[in-house]
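**Q** Input: one structure, supplied below.
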Amino acid sequence: GRMGIALASEARDLGAEVELILARHSVEPPAGVTLRSVRTVEEMRAAVEEGMPRAEMLIMAAAVSDFVPSSVAEEKIKRGEAGLTLRLEPAPDILAEAAKTRRPGQILVGFALETSRGEERARAKIEAKGIDAIVLNDPALALDRAENEVIVFTAGGDRWELPRAPKSEIARGILGRLSACLE
Ligand code: CTP
């Protein structure tokens, strides 16, 4: 939530026309951007699919979920005597799907959150998802904190470290470097 909101507000300040697809969030979304509220993976998927044709850049700072329930009960599940095991299956990868529909010149950027082998795993996601760059978060800071510390990797092999700073500053650093790349 916070990182996506920081990116939206900094992109707006740089003069971009911003559409912010927003699920659960803990800070107020910025003014001056078009807001699309979503609740589920499917709603986020539909919003991204709908927005892709007019986007110059898609930055996915988060997704609603990595897993979705395998089935949804039609009626209330009775408590009964036994425990309950919920079956989950992998959610569709919205960013990888978007990459499959991209047109030339569109820039796609992902974020990665890893608890081990961060650099290697983040880099691997560039190719696996077919995107242009990935931002590796610091797992201790990424979630619901005001600051972040990231490393940006690009498909071209660049690596930029952005040291610990408020998320707004991190967002500015990411956007500045990406737009320099674009030019
Ligand atoms: N992402 C997505 N759709 C999902 C889950 C993740 O588009 N259902 C996007 C995230 O927005 C992020 C990138 O994919 O930009 C990487 O997310 P992450 O959770 O780090 O990795 P996963 O692709 O889910 O892979 P893994 O679970 O193996 O780390």
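Ordered as shown in the structure tokens, chains take letters A, B, and onward, while each chain numbers its residues from 1 and ligands are numbered from 1 in the order shown.
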Select the residues contacting ligand 1 at a distance of at most 6 Å, based on only C-alpha atoms and all ligand atoms, then format the selection as a PyMOL selection string.
**A** chain A and resi 60-63+65-66+91-95+110-113
**Q** Neighbours of A:Ser9 within 12 Å (only C-alpha atoms; same-chain residues fewer than 6 positions away dropped), as a list in words?
**A**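 The filter keeps Arg2, Met3, Gly15, Ala16, Glu17, Val18, Glu19, Leu20, Glu28, Pro29, Pro30, Ala31, Gly32, Val33, Thr34, Leu35, Lys167, Ser168, Glu169, Ile170, Ala171, Arg172 and Leu175 of chain A.
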**Q** With distances taken over only C-alpha atoms, which of A:Glu10, A:Asp132, A:Glu127, A:Glu119 is nearest to A:Met57?
**A**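 Selected residue with least distance to A:Met57: A:Asp132.
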**Q** Using only C-alpha atoms, which protein or nucleic acid residues come within 10 Å of A:Pro139? Drop anything in the same chain fewer than 2 positions from it, and give the result as a list in words.
**A**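 So the residues in contact are Ala112, Leu113, Glu114, Thr115, Ser116, Gly118, Leu136, Asn137, Leu141, Ala142, Leu143, Asn148, Glu149 and Val150 of chain A.
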**Q** Write the residues of the preceding selection, restricted to N, CA, C and O atoms, as a compact mmCIF listing (two decimals), in the first residue's frame.
**A**
```
# COMPACT_ATOMS: atom_id res chain seq x y z
N ALA A 112 9.85 -7.15 -5.73
CA ALA A 112 10.04 -8.48 -5.18
C ALA A 112 10.28 -8.36 -3.68
O ALA A 112 10.93 -7.43 -3.22
N LEU A 113 9.71 -9.30 -2.97
CA LEU A 113 9.95 -9.39 -1.53
C LEU A 113 10.49 -10.79 -1.27
O LEU A 113 9.80 -11.77 -1.55
N GLU A 114 11.71 -10.87 -0.81
CA GLU A 114 12.35 -12.17 -0.60
C GLU A 114 12.91 -12.21 0.80
O GLU A 114 13.41 -11.21 1.31
N THR A 115 12.86 -13.39 1.42
CA THR A 115 13.45 -13.50 2.76
C THR A 115 14.82 -14.17 2.71
O THR A 115 15.53 -14.22 3.71
N SER A 116 15.19 -14.73 1.54
CA SER A 116 16.57 -15.23 1.38
C SER A 116 16.93 -15.20 -0.10
O SER A 116 16.04 -15.18 -0.97
N GLY A 118 17.89 -12.93 -2.00
CA GLY A 118 17.09 -11.86 -2.60
C GLY A 118 17.52 -11.46 -3.99
O GLY A 118 16.70 -11.42 -4.90
N LEU A 136 13.89 -4.80 -5.60
CA LEU A 136 13.98 -5.72 -4.47
C LEU A 136 13.82 -4.94 -3.18
O LEU A 136 14.62 -4.06 -2.86
N ASN A 137 12.76 -5.26 -2.44
CA ASN A 137 12.48 -4.60 -1.16
C ASN A 137 13.34 -5.15 -0.04
O ASN A 137 13.75 -6.31 -0.08
N LEU A 141 11.53 -3.81 6.10
CA LEU A 141 10.94 -2.47 6.00
C LEU A 141 9.73 -2.40 5.08
O LEU A 141 8.90 -1.51 5.20
N ALA A 142 9.65 -3.36 4.14
CA ALA A 142 8.69 -3.20 3.04
C ALA A 142 7.25 -3.06 3.51
O ALA A 142 6.49 -2.26 2.97
N LEU A 143 6.86 -3.85 4.51
CA LEU A 143 5.44 -3.95 4.82
C LEU A 143 5.00 -2.97 5.90
O LEU A 143 5.44 -3.05 7.04
N ASN A 148 11.93 2.59 3.31
CA ASN A 148 12.29 1.38 2.59
C ASN A 148 13.76 1.50 2.16
O ASN A 148 14.35 2.59 2.28
N GLU A 149 14.31 0.40 1.72
CA GLU A 149 15.67 0.37 1.22
C GLU A 149 15.63 -0.66 0.11
O GLU A 149 15.20 -1.79 0.35
N VAL A 150 15.98 -0.27 -1.12
CA VAL A 150 15.75 -1.19 -2.24
C VAL A 150 16.96 -1.29 -3.15
O VAL A 150 17.86 -0.45 -3.12
```
**Q** Looking only at strand (DSSP E) from DSSP on the backbone, list the matching residues of stretch 45-121 of chain A as a list in words.
**A**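 The residues of stretch 45-121 of chain A classed as strand (DSSP E) are Met57, Leu58, Ile59, Met60, Phe67, Val68, Pro69, Leu88, Glu89, Pro90, Ile107, Leu108, Val109, Gly110, Phe111 and Ala112 of chain A.
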**Q** If you measure from atom CA of A:Gly157 to atom CA of A:Arg123, what distance in Å do you get, rounded to one decimal?
**A**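 Atom CA of A:Arg123 lies at a distance of 9.0 Å from atom CA of A:Gly157.
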**Q** For each of A:Arg87, A:Gly176, A:Ala47, A:Thr40, take the minimum atom-to-atom distance to A:Leu14, counting only C-alpha atoms, then give the residue where this is smallest.
**A** A:Gly176
